[in-house]
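S.K.: structure_7.cif is reproduced in full below (mmCIF, C-alpha atoms).
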```cif
data_upload
loop_
_atom_site.label_atom_id
_atom_site.label_comp_id
_atom_site.auth_asym_id
_atom_site.auth_seq_id
_atom_site.Cartn_x
_atom_site.Cartn_y
_atom_site.Cartn_z
CA MET A 1384 22.22 -12.68 20.86
CA LYS A 1385 21.01 -14.03 17.53
CA TYR A 1386 17.81 -15.72 16.50
CA THR A 1387 17.17 -19.14 18.02
CA LYS A 1388 18.90 -21.96 16.09
CA PRO A 1389 15.97 -23.56 14.19
CA LEU A 1390 14.96 -20.07 13.01
CA LEU A 1391 18.50 -19.25 11.86
CA LYS A 1392 18.66 -22.53 9.94
CA LEU A 1393 15.33 -21.74 8.27
CA ILE A 1394 16.52 -18.24 7.29
CA GLU A 1395 19.71 -19.77 5.86
CA GLU A 1396 17.66 -22.24 3.80
CA PHE A 1397 15.56 -19.46 2.28
CA GLN A 1398 18.67 -17.46 1.44
CA LYS A 1399 19.74 -20.28 -0.87
CA PHE A 1400 16.87 -19.42 -3.23
CA PRO A 1401 17.73 -17.21 -6.20
CA GLY A 1402 16.93 -13.55 -5.63
CA ILE A 1403 16.27 -13.98 -1.90
CA GLY A 1404 18.47 -11.81 0.34
CA PRO A 1405 18.82 -11.85 4.14
CA LYS A 1406 15.86 -9.52 4.76
CA SER A 1407 13.47 -11.39 2.47
CA ALA A 1408 14.59 -14.71 3.96
CA GLU A 1409 13.83 -13.33 7.43
CA ARG A 1410 10.35 -12.21 6.38
CA MET A 1411 9.69 -15.59 4.79
CA ALA A 1412 10.81 -17.41 7.95
CA PHE A 1413 8.52 -15.31 10.14
CA HIS A 1414 5.71 -15.99 7.68
CA ILE A 1415 6.27 -19.71 8.32
CA LEU A 1416 6.12 -19.23 12.09
CA ASN A 1417 2.88 -17.24 11.82
CA GLN A 1418 1.09 -19.93 9.79
CA ASP A 1419 -1.07 -22.75 11.14
CA MET A 1420 0.72 -26.07 11.52
CA GLN A 1421 -1.60 -27.50 8.85
CA ASN A 1422 -0.47 -24.99 6.21
CA ILE A 1423 3.16 -25.70 6.95
CA GLU A 1424 2.66 -29.45 6.67
CA ASP A 1425 0.99 -28.80 3.31
CA LEU A 1426 3.88 -26.63 2.15
CA SER A 1427 6.42 -29.22 3.18
CA ARG A 1428 4.45 -31.96 1.39
CA ILE A 1429 3.95 -29.91 -1.81
CA ILE A 1430 7.70 -29.24 -2.03
CA LEU A 1431 8.49 -32.95 -1.72
CA GLU A 1432 5.69 -33.92 -4.14
CA ALA A 1433 6.88 -31.48 -6.78
CA LYS A 1434 10.39 -32.83 -6.47
CA THR A 1435 9.35 -36.50 -6.65
CA GLN A 1436 6.51 -36.29 -9.20
CA ILE A 1437 7.95 -33.92 -11.76
CA LYS A 1438 10.18 -35.66 -14.28
CA ARG A 1439 11.54 -34.78 -17.68
CA CYS A 1440 9.40 -35.92 -20.63
CA SER A 1441 11.45 -38.62 -22.36
CA VAL A 1442 10.56 -37.17 -25.77
CA CYS A 1443 10.88 -33.38 -25.53
CA GLN A 1444 12.69 -33.12 -22.12
CA ASN A 1445 10.10 -30.66 -20.80
CA LEU A 1446 9.17 -30.89 -17.11
CA SER A 1447 6.00 -32.90 -16.62
CA ALA A 1448 4.20 -35.17 -14.19
CA ASN A 1449 3.37 -37.44 -17.14
CA ASP A 1450 5.71 -39.13 -19.60
CA PRO A 1451 5.34 -38.35 -22.49
CA CYS A 1452 4.13 -34.86 -21.57
CA GLU A 1453 0.80 -33.27 -22.46
CA ILE A 1454 2.20 -31.53 -25.54
CA CYS A 1455 3.92 -34.61 -26.99
CA VAL A 1456 0.74 -36.72 -26.75
CA ASN A 1457 -1.58 -33.97 -28.03
CA LEU A 1458 -2.94 -35.17 -31.39
CA SER A 1459 -3.81 -31.70 -32.62
CA ARG A 1460 -0.15 -30.65 -32.53
CA ASP A 1461 1.86 -30.45 -35.75
CA LYS A 1462 4.37 -33.30 -35.38
CA LYS A 1463 6.48 -32.00 -38.27
CA MET A 1464 7.78 -28.95 -36.43
CA ILE A 1465 10.09 -28.77 -33.43
CA CYS A 1466 10.82 -25.55 -31.59
CA VAL A 1467 14.09 -25.77 -29.63
CA VAL A 1468 14.17 -23.80 -26.35
CA SER A 1469 16.66 -23.58 -23.50
CA GLU A 1470 14.42 -23.97 -20.43
CA PRO A 1471 10.82 -24.99 -19.63
CA LYS A 1472 9.94 -21.36 -18.87
CA ASP A 1473 10.91 -20.39 -22.41
CA LEU A 1474 8.55 -23.08 -23.70
CA LEU A 1475 5.78 -21.58 -21.60
CA ALA A 1476 6.52 -18.08 -22.92
CA ILE A 1477 6.05 -19.32 -26.49
CA GLU A 1478 2.91 -21.28 -25.54
CA LYS A 1479 1.41 -18.06 -24.19
CA THR A 1480 1.55 -16.45 -27.65
CA ASN A 1481 -0.90 -19.11 -28.95
CA GLU A 1482 0.89 -18.81 -32.30
CA TYR A 1483 2.84 -22.04 -32.38
CA LYS A 1484 1.17 -25.44 -32.74
CA GLY A 1485 4.16 -27.74 -33.23
CA LEU A 1486 6.24 -29.70 -30.72
CA TYR A 1487 9.13 -28.57 -28.54
CA HIS A 1488 12.55 -29.67 -27.44
CA VAL A 1489 14.05 -28.40 -24.19
CA LEU A 1490 17.87 -28.25 -24.24
CA GLY A 1491 18.26 -27.79 -20.50
CA GLY A 1492 20.67 -24.87 -20.86
CA LEU A 1493 22.95 -23.09 -23.31
CA ILE A 1494 26.51 -23.83 -24.40
CA SER A 1495 28.73 -21.87 -22.03
CA PRO A 1496 32.40 -22.97 -21.82
CA LEU A 1497 33.02 -20.55 -18.94
CA ASP A 1498 30.41 -22.35 -16.83
CA GLY A 1499 31.65 -25.74 -18.01
CA VAL A 1500 28.53 -26.41 -20.12
CA GLY A 1501 29.37 -28.05 -23.43
CA PRO A 1502 27.06 -29.51 -26.12
CA GLU A 1503 27.33 -32.91 -24.38
CA ASN A 1504 25.61 -31.46 -21.27
CA LEU A 1505 22.53 -30.44 -23.28
CA THR A 1506 19.87 -32.74 -24.74
CA ILE A 1507 21.25 -32.38 -28.29
CA LYS A 1508 21.76 -36.15 -28.69
CA GLU A 1509 18.08 -36.73 -27.88
CA LEU A 1510 17.10 -34.05 -30.40
CA LEU A 1511 19.26 -35.65 -33.09
CA SER A 1512 17.56 -39.00 -32.55
CA ARG A 1513 14.12 -37.35 -32.74
CA VAL A 1514 15.06 -35.55 -35.96
CA SER A 1515 16.45 -38.68 -37.59
CA LYS A 1516 13.38 -40.77 -36.66
CA ASN A 1517 10.77 -38.23 -37.79
CA ASN A 1518 10.50 -36.55 -41.13
CA LEU A 1519 10.46 -32.92 -39.97
CA SER A 1520 9.47 -29.95 -42.07
CA GLU A 1521 11.11 -27.33 -39.82
CA ILE A 1522 13.27 -26.81 -36.74
CA ILE A 1523 12.83 -23.40 -35.10
CA ILE A 1524 15.69 -22.38 -32.81
CA ALA A 1525 14.25 -20.08 -30.14
CA LEU A 1526 17.09 -19.20 -27.76
CA ASP A 1527 18.16 -16.10 -25.85
CA THR A 1528 20.03 -13.50 -27.89
CA SER A 1529 22.87 -13.51 -25.35
CA THR A 1530 26.41 -14.61 -26.28
CA GLU A 1531 25.68 -18.14 -25.01
CA GLY A 1532 22.37 -18.21 -26.89
CA GLU A 1533 24.04 -17.09 -30.12
CA ALA A 1534 26.82 -19.68 -29.79
CA THR A 1535 24.25 -22.42 -29.18
CA THR A 1536 22.09 -21.25 -32.11
CA LEU A 1537 25.07 -21.38 -34.50
CA TYR A 1538 26.13 -24.78 -33.16
CA LEU A 1539 22.63 -26.23 -33.57
CA HIS A 1540 22.37 -24.77 -37.07
CA ARG A 1541 25.61 -26.50 -38.07
CA ILE A 1542 24.43 -29.84 -36.66
CA PHE A 1543 20.87 -29.81 -37.98
CA SER A 1544 21.00 -28.06 -41.34
CA PRO A 1545 22.39 -31.26 -42.99
CA VAL A 1546 19.53 -33.38 -41.59
CA CYS A 1547 16.56 -31.01 -41.83
CA ASP A 1548 15.58 -28.93 -44.87
CA LYS A 1549 14.49 -25.87 -42.92
CA VAL A 1550 16.28 -24.64 -39.79
CA THR A 1551 15.04 -21.20 -38.72
CA ARG A 1552 15.51 -18.88 -35.76
CA LEU A 1553 13.32 -16.22 -34.15
CA GLY A 1554 13.30 -12.85 -35.94
CA PHE A 1555 15.42 -9.96 -34.73
CA GLY A 1556 14.11 -6.43 -34.46
CA LEU A 1557 12.57 -3.81 -32.24
CA PRO A 1558 10.48 -5.09 -29.36
CA VAL A 1559 6.84 -3.95 -29.59
CA GLY A 1560 6.22 -0.72 -27.66
CA THR A 1561 9.83 0.53 -27.67
CA GLU A 1562 10.88 4.08 -28.38
CA LEU A 1563 13.37 4.05 -31.20
CA GLU A 1564 15.83 6.42 -29.53
CA TYR A 1565 16.34 3.94 -26.68
CA ALA A 1566 17.05 0.92 -28.88
CA ASP A 1567 20.73 -0.13 -28.83
CA GLU A 1568 22.74 0.00 -32.04
CA LEU A 1569 22.93 -3.74 -32.59
CA THR A 1570 19.17 -4.15 -32.26
CA LEU A 1571 18.62 -1.25 -34.65
CA THR A 1572 21.11 -2.72 -37.15
CA ARG A 1573 19.26 -6.04 -37.04
CA ALA A 1574 15.90 -4.27 -37.33
CA LEU A 1575 17.14 -2.48 -40.47
CA GLU A 1576 18.41 -5.72 -41.97
CA ASN A 1577 15.08 -7.40 -41.24
CA ARG A 1578 12.93 -4.54 -42.54
CA CYS A 1579 9.76 -5.71 -44.22
CA GLU A 1580 7.11 -4.32 -46.58
CA ILE A 1581 4.10 -2.70 -44.97
CA LYS A 1582 1.01 -4.80 -45.64
CA MET B 1256 -0.73 -25.27 -21.89
CA LYS B 1257 0.35 -24.39 -18.36
CA TYR B 1258 3.02 -25.84 -16.11
CA THR B 1259 2.39 -29.38 -14.91
CA LYS B 1260 0.16 -29.55 -11.81
CA PRO B 1261 2.66 -30.28 -9.00
CA LEU B 1262 4.81 -27.41 -10.31
CA LEU B 1263 1.84 -25.02 -10.42
CA LYS B 1264 0.93 -25.95 -6.84
CA LEU B 1265 4.52 -25.30 -5.74
CA ILE B 1266 4.56 -21.89 -7.47
CA GLU B 1267 1.26 -21.04 -5.77
CA GLU B 1268 2.69 -22.00 -2.36
CA PHE B 1269 5.69 -19.71 -2.84
CA GLN B 1270 3.45 -16.84 -3.92
CA LYS B 1271 1.86 -16.93 -0.47
CA PHE B 1272 5.11 -15.63 1.05
CA PRO B 1273 5.33 -11.90 1.68
CA GLY B 1274 7.12 -9.99 -1.08
CA ILE B 1275 7.16 -12.97 -3.47
CA GLY B 1276 5.46 -12.29 -6.82
CA PRO B 1277 4.67 -14.74 -9.64
CA LYS B 1278 8.10 -14.43 -11.31
CA SER B 1279 10.07 -14.92 -8.08
CA ALA B 1280 7.84 -17.86 -7.12
CA GLU B 1281 8.56 -19.43 -10.52
CA ARG B 1282 12.31 -19.02 -10.07
CA MET B 1283 12.12 -20.51 -6.58
CA ALA B 1284 10.13 -23.50 -7.84
CA PHE B 1285 12.68 -24.18 -10.59
CA HIS B 1286 15.42 -23.87 -7.99
CA ILE B 1287 13.70 -26.68 -6.06
CA LEU B 1288 13.53 -28.90 -9.15
CA ASN B 1289 17.22 -28.32 -9.89
CA GLN B 1290 18.35 -29.38 -6.41
CA ASP B 1291 19.38 -32.85 -5.28
CA MET B 1292 16.65 -34.84 -3.56
CA GLN B 1293 18.74 -34.76 -0.36
CA ASN B 1294 18.74 -30.95 -0.21
CA ILE B 1295 15.00 -30.83 -0.72
CA GLU B 1296 14.37 -33.36 2.04
CA ASP B 1297 16.55 -31.18 4.29
CA LEU B 1298 14.59 -28.06 3.35
CA SER B 1299 11.29 -29.76 4.01
CA ARG B 1300 12.53 -31.04 7.38
CA ILE B 1301 14.01 -27.69 8.45
CA ILE B 1302 10.70 -25.95 7.73
CA LEU B 1303 8.80 -28.46 9.86
CA GLU B 1304 11.42 -28.37 12.62
CA ALA B 1305 11.36 -24.59 12.82
CA LYS B 1306 7.59 -24.67 13.07
CA THR B 1307 7.48 -27.38 15.75
CA GLN B 1308 10.53 -26.41 17.84
CA ILE B 1309 10.19 -22.65 17.99
CA LYS B 1310 7.82 -21.51 20.70
CA ARG B 1311 7.21 -18.25 22.49
CA CYS B 1312 9.24 -17.75 25.68
CA SER B 1313 6.67 -17.83 28.48
CA VAL B 1314 8.35 -14.86 30.16
CA CYS B 1315 9.18 -12.30 27.45
CA GLN B 1316 7.14 -13.83 24.55
CA ASN B 1317 10.17 -13.80 22.26
CA LEU B 1318 10.55 -16.68 19.78
CA SER B 1319 12.89 -19.32 21.11
CA ALA B 1320 13.62 -23.04 21.04
CA ASN B 1321 14.08 -22.90 24.85
CA ASP B 1322 11.63 -21.73 27.48
CA PRO B 1323 12.55 -19.39 29.13
CA CYS B 1324 14.65 -17.99 26.31
CA GLU B 1325 18.41 -17.29 26.32
CA ILE B 1326 17.94 -13.64 27.29
CA CYS B 1327 15.55 -14.28 30.18
CA VAL B 1328 17.88 -16.87 31.80
CA ASN B 1329 21.06 -14.82 31.20
CA LEU B 1330 22.35 -13.85 34.65
CA SER B 1331 24.38 -10.90 33.36
CA ARG B 1332 21.23 -9.15 32.16
CA ASP B 1333 19.78 -6.27 34.17
CA LYS B 1334 16.51 -7.73 35.48
CA LYS B 1335 15.22 -4.29 36.51
CA MET B 1336 14.70 -3.01 32.98
CA ILE B 1337 12.21 -4.17 30.36
CA CYS B 1338 12.29 -2.95 26.78
CA VAL B 1339 8.90 -3.40 25.08
CA VAL B 1340 9.05 -4.19 21.34
CA SER B 1341 6.44 -5.17 18.79
CA GLU B 1342 8.10 -8.15 17.06
CA PRO B 1343 11.11 -10.47 17.55
CA LYS B 1344 12.93 -8.73 14.68
CA ASP B 1345 12.73 -5.42 16.56
CA LEU B 1346 14.29 -7.14 19.57
CA LEU B 1347 17.13 -8.33 17.37
CA ALA B 1348 17.63 -4.83 15.94
CA ILE B 1349 18.11 -3.47 19.48
CA GLU B 1350 20.38 -6.39 20.44
CA LYS B 1351 22.63 -5.53 17.49
CA THR B 1352 23.38 -2.10 18.98
CA ASN B 1353 25.05 -3.81 21.99
CA GLU B 1354 23.82 -0.85 24.04
CA TYR B 1355 21.00 -2.43 26.00
CA LYS B 1356 21.60 -5.02 28.72
CA GLY B 1357 18.13 -5.36 30.24
CA LEU B 1358 15.27 -7.76 29.44
CA TYR B 1359 12.64 -7.53 26.72
CA HIS B 1360 8.95 -7.99 26.24
CA VAL B 1361 7.54 -8.81 22.79
CA LEU B 1362 3.99 -7.52 22.28
CA GLY B 1363 3.32 -9.54 19.14
CA GLY B 1364 1.98 -6.58 17.17
CA LEU B 1365 0.63 -3.06 17.54
CA ILE B 1366 -2.84 -1.78 18.41
CA SER B 1367 -4.62 -1.32 15.09
CA PRO B 1368 -8.43 -1.12 15.22
CA LEU B 1369 -8.64 -1.16 11.39
CA ASP B 1370 -6.95 -4.59 11.33
CA GLY B 1371 -9.01 -5.77 14.30
CA VAL B 1372 -6.03 -5.77 16.69
CA GLY B 1373 -6.93 -4.45 20.13
CA PRO B 1374 -4.88 -4.39 23.37
CA GLU B 1375 -6.37 -7.78 24.28
CA ASN B 1376 -4.65 -9.35 21.22
CA LEU B 1377 -1.21 -8.25 22.42
CA THR B 1378 0.78 -9.67 25.34
CA ILE B 1379 -0.01 -6.67 27.58
CA LYS B 1380 -1.59 -8.86 30.29
CA GLU B 1381 1.62 -10.89 30.52
CA LEU B 1382 3.65 -7.68 30.73
CA LEU B 1383 1.42 -6.36 33.53
CA SER B 1384 1.94 -9.53 35.56
CA ARG B 1385 5.74 -9.30 35.01
CA VAL B 1386 5.75 -5.67 36.11
CA SER B 1387 3.66 -6.33 39.21
CA LYS B 1388 5.84 -9.29 40.27
CA ASN B 1389 9.21 -7.60 39.73
CA ASN B 1390 10.36 -4.31 41.14
CA LEU B 1391 11.36 -2.60 37.88
CA SER B 1392 13.45 0.53 37.61
CA GLU B 1393 12.42 1.34 34.03
CA ILE B 1394 10.19 0.32 31.14
CA ILE B 1395 11.46 1.44 27.72
CA ILE B 1396 8.80 1.51 25.01
CA ALA B 1397 10.55 0.88 21.67
CA LEU B 1398 7.86 0.78 19.01
CA ASP B 1399 7.58 1.96 15.40
CA THR B 1400 6.84 5.66 14.98
CA SER B 1401 3.85 4.84 12.74
CA THR B 1402 0.27 5.75 13.73
CA GLU B 1403 -0.26 2.29 15.21
CA GLY B 1404 3.07 2.47 17.05
CA GLU B 1405 2.19 5.88 18.50
CA ALA B 1406 -1.24 4.71 19.62
CA THR B 1407 0.27 1.66 21.31
CA THR B 1408 3.01 3.74 22.96
CA LEU B 1409 0.43 6.13 24.44
CA TYR B 1410 -1.77 3.23 25.57
CA LEU B 1411 1.16 1.46 27.27
CA HIS B 1412 2.25 4.68 28.92
CA ARG B 1413 -1.23 5.13 30.41
CA ILE B 1414 -1.28 1.55 31.72
CA PHE B 1415 2.24 1.36 33.09
CA SER B 1416 3.03 4.83 34.43
CA PRO B 1417 0.93 4.16 37.60
CA VAL B 1418 2.84 0.91 38.32
CA CYS B 1419 6.40 1.81 37.27
CA ASP B 1420 8.30 4.93 38.27
CA LYS B 1421 10.03 5.42 34.96
CA VAL B 1422 8.35 4.75 31.61
CA THR B 1423 10.44 6.03 28.69
CA ARG B 1424 10.37 5.82 24.91
CA LEU B 1425 13.06 5.91 22.21
CA GLY B 1426 14.30 9.40 21.34
CA PHE B 1427 13.03 11.23 18.26
CA GLY B 1428 15.32 13.06 15.91
CA LEU B 1429 17.33 12.89 12.72
CA PRO B 1430 18.61 9.47 11.69
CA VAL B 1431 22.41 9.32 11.54
CA GLY B 1432 23.74 10.05 8.06
CA THR B 1433 20.71 12.00 6.80
CA GLU B 1434 20.88 15.20 4.86
CA LEU B 1435 18.85 17.81 6.64
CA GLU B 1436 17.07 19.06 3.53
CA TYR B 1437 15.47 15.64 3.01
CA ALA B 1438 14.16 15.24 6.56
CA ASP B 1439 10.37 15.60 6.74
CA GLU B 1440 8.87 18.44 8.77
CA LEU B 1441 7.62 16.31 11.64
CA THR B 1442 11.01 14.66 12.13
CA LEU B 1443 12.67 18.07 12.04
CA THR B 1444 10.17 19.48 14.56
CA ARG B 1445 10.88 16.58 16.91
CA ALA B 1446 14.63 16.93 16.37
CA LEU B 1447 14.37 20.61 17.33
CA GLU B 1448 12.35 19.80 20.43
CA ASN B 1449 14.90 17.17 21.42
CA ARG B 1450 17.96 19.32 20.77
CA CYS B 1451 20.80 18.66 23.18
CA GLU B 1452 23.99 20.37 24.33
CA ILE B 1453 27.15 19.52 22.44
CA LYS B 1454 29.51 17.58 24.69
#
```
Is it possible to give me this structure as structure tokens?

M.R.:
Amino acid sequence: MKYTKPLLKLIEEFQKFPGIGPKSAERMAFHILNQDMQNIEDLSRIILEAKTQIKRCSVCQNLSANDPCEICVNLSRDKKMICVVSEPKDLLAIEKTNEYKGLYHVLGGLISPLDGVGPENLTIKELLSRVSKNNLSEIIIALDTSTEGEATTLYLHRIFSPVCDKVTRLGFGLPVGTELEYADELTLTRALENRCEIK
Amino acid sequence: MKYTKPLLKLIEEFQKFPGIGPKSAERMAFHILNQDMQNIEDLSRIILEAKTQIKRCSVCQNLSANDPCEICVNLSRDKKMICVVSEPKDLLAIEKTNEYKGLYHVLGGLISPLDGVGPENLTIKELLSRVSKNNLSEIIIALDTSTEGEATTLYLHRIFSPVCDKVTRLGFGLPVGTELEYADELTLTRALENRCEIK
């Protein structure tokens, strides 16, 4: 005896989500069955709406219901700076700092030969055309510090340093709130290299 | 700047699921956006199908697409035994042991005055009518050993011992594979009380 078929299919569907195991999927499926029909119709509609309404902004490639997106059309943004990120959630992380007022460009991934992702699978061509059309003062490369992130940063630097005067990357160093003894050697080496005067 | 509205709504929907926090909900929403339209239409349909097709079996109250459910119509099942469980997942846990060949009754919860759940909110009336119509040899009460489970077990025992000769409950004791030093005192007390001869 197993669960009845429509329930099994539902549990299987939920298991396809990242980070959802068999037990969580089961709990989610029972949650569905315990809801009012109205709520479930809403859920089903919201999933379809998100999928149909959300597109990539044709300028910065960020996810948005509007094209161009809210950031690209915002007049108070500094149009002379572009911050290059891998995914929309990275863009949001930088927005939350309230420190950056320029534009963005979402690559849609990182160069990773093992996963079959080359430069041609990212939105580098679109970025090149943006850079050549606009007279930029700075490109900030803000990618993960993983192997793939490093490879992509170096690649982008090689491509864009001939066409833009200033190509920078995020600073390396100790994360705020860390205890020094737990920092790994590479981070500590970079933190030493990037040491700065106390103001 | 926040995520675009349809995406925010989708993240909010996922956060309503049990055990899903903001970060998981975000990952699930991005998973949706990265899927083919076809997969998402399937997901949406499977959710609605599960909700519309799965009903409670009118006999044992288990979730099923058929009424009566597969267990209730199975001729090889012992119709003289009913095992009372709280939820369909408890039924499945017992089925997985392959030890029990009788029927089930799903209460749909446990008596919990703090949560406003009284005996009238459970399927006890339905169980009473099953017991009075069939000449049962045994009712096995298989509920959680939490406070609510204990209260419900005692309540059911009081109701059903006058109408059924044998009302039993699951045995208490050490779980298989435990180290004795980590067993709590109450479990150890019960395990001592339930000690049995070595065969």

S.K.: Please identify all polymer residues within 10 Å of B:His1360, counting only C-alpha atoms, omitting same-chain residues fewer than 6 positions from it, and present them as a PyMOL selection string.

M.R.: chain B and resi 1312+1314-1317+1327+1337-1343+1346+1378-1379+1381-1382+1385+1394-1396

S.K.: Mind listing as an MDAnalysis selection string which residues of chain A are within 8 Å of chain B, counting only C-alpha atoms?

M.R.: chainID A and resid 1384:1390 1392:1393 1396 1400:1402 1407 1410:1411 1414:1416 1420 1423:1424 1426:1434 1436:1437 1446:1448 1454 1475 1478:1479

S.K.: Do you know which residues the PyMOL selection byres ((chain B and resi 1414) around 12) returns on this file, as a ChimeraX atom specification?

M.R.: /B:1374,1379-1380,1382-1383,1386-1387,1394,1407-1413,1415-1419,1422

S.K.: Taking the file as shown, what set of residues would the PyMOL selection byres ((chain A and resi 1464) around 10) give back, as number ranges by chain?

M.R.: A: 1460-1463, 1465-1467, 1483-1487, 1514, 1517-1523, 1549

S.K.: Evaluate the PyMOL selection byres ((chain B and resi 1426) around 10) here and jot the selected residues down as a list in words.

M.R.: Ala1397, Thr1423, Arg1424, Leu1425, Phe1427, Gly1428, Leu1429, Arg1445, Ala1446 and Asn1449 of chain B

S.K.: What does the distance from atom CA of A:Thr1572 to atom CA of A:Pro1558 come to in Å, to one decimal?

M.R.: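 Between atom CA of A:Thr1572 and atom CA of A:Pro1558 the gap is 13.4 Å.
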
S.K.: Could you write stretch 1362-1374 of chain B as an mmCIF file, in the coordinates of the input, with N, CA and C atoms rebuilt where they are missing?

M.R.:
```cif
data_model
loop_
_atom_site.group_PDB
_atom_site.id
_atom_site.type_symbol
_atom_site.label_atom_id
_atom_site.label_comp_id
_atom_site.auth_asym_id
_atom_site.auth_seq_id
_atom_site.Cartn_x
_atom_site.Cartn_y
_atom_site.Cartn_z
ATOM 1 N N LEU B 1362 5.448 -7.690 22.256
ATOM 2 C CA LEU B 1362 3.990 -7.520 22.280
ATOM 3 C C LEU B 1362 3.281 -8.431 21.277
ATOM 4 N N GLY B 1363 3.953 -8.740 20.187
ATOM 5 C CA GLY B 1363 3.320 -9.540 19.140
ATOM 6 C C GLY B 1363 2.462 -8.727 18.201
ATOM 7 N N GLY B 1364 2.737 -7.425 18.091
ATOM 8 C CA GLY B 1364 1.980 -6.580 17.170
ATOM 9 C C GLY B 1364 1.785 -5.190 17.749
ATOM 10 N N LEU B 1365 0.935 -4.417 17.090
ATOM 11 C CA LEU B 1365 0.630 -3.060 17.540
ATOM 12 C C LEU B 1365 -0.890 -2.899 17.540
ATOM 13 N N ILE B 1366 -1.392 -2.026 18.394
ATOM 14 C CA ILE B 1366 -2.840 -1.780 18.410
ATOM 15 C C ILE B 1366 -3.246 -1.173 17.079
ATOM 16 N N SER B 1367 -4.189 -1.801 16.402
ATOM 17 C CA SER B 1367 -4.620 -1.320 15.090
ATOM 18 C C SER B 1367 -6.077 -1.687 14.880
ATOM 19 N N PRO B 1368 -7.004 -0.796 15.298
ATOM 20 C CA PRO B 1368 -8.430 -1.120 15.220
ATOM 21 C C PRO B 1368 -8.866 -1.490 13.804
ATOM 22 N N LEU B 1369 -8.244 -0.869 12.777
ATOM 23 C CA LEU B 1369 -8.640 -1.160 11.390
ATOM 24 C C LEU B 1369 -8.342 -2.615 11.025
ATOM 25 N N ASP B 1370 -7.285 -3.189 11.594
ATOM 26 C CA ASP B 1370 -6.950 -4.590 11.330
ATOM 27 C C ASP B 1370 -7.546 -5.514 12.390
ATOM 28 N N GLY B 1371 -8.382 -4.951 13.270
ATOM 29 C CA GLY B 1371 -9.010 -5.770 14.300
ATOM 30 C C GLY B 1371 -8.065 -6.183 15.409
ATOM 31 N N VAL B 1372 -6.960 -5.430 15.606
ATOM 32 C CA VAL B 1372 -6.030 -5.770 16.690
ATOM 33 C C VAL B 1372 -6.225 -4.791 17.844
ATOM 34 N N GLY B 1373 -6.747 -5.270 18.940
ATOM 35 C CA GLY B 1373 -6.930 -4.450 20.130
ATOM 36 C C GLY B 1373 -5.896 -4.817 21.184
ATOM 37 N N PRO B 1374 -5.859 -4.091 22.315
ATOM 38 C CA PRO B 1374 -4.880 -4.390 23.370
ATOM 39 C C PRO B 1374 -4.979 -5.832 23.840
#
```
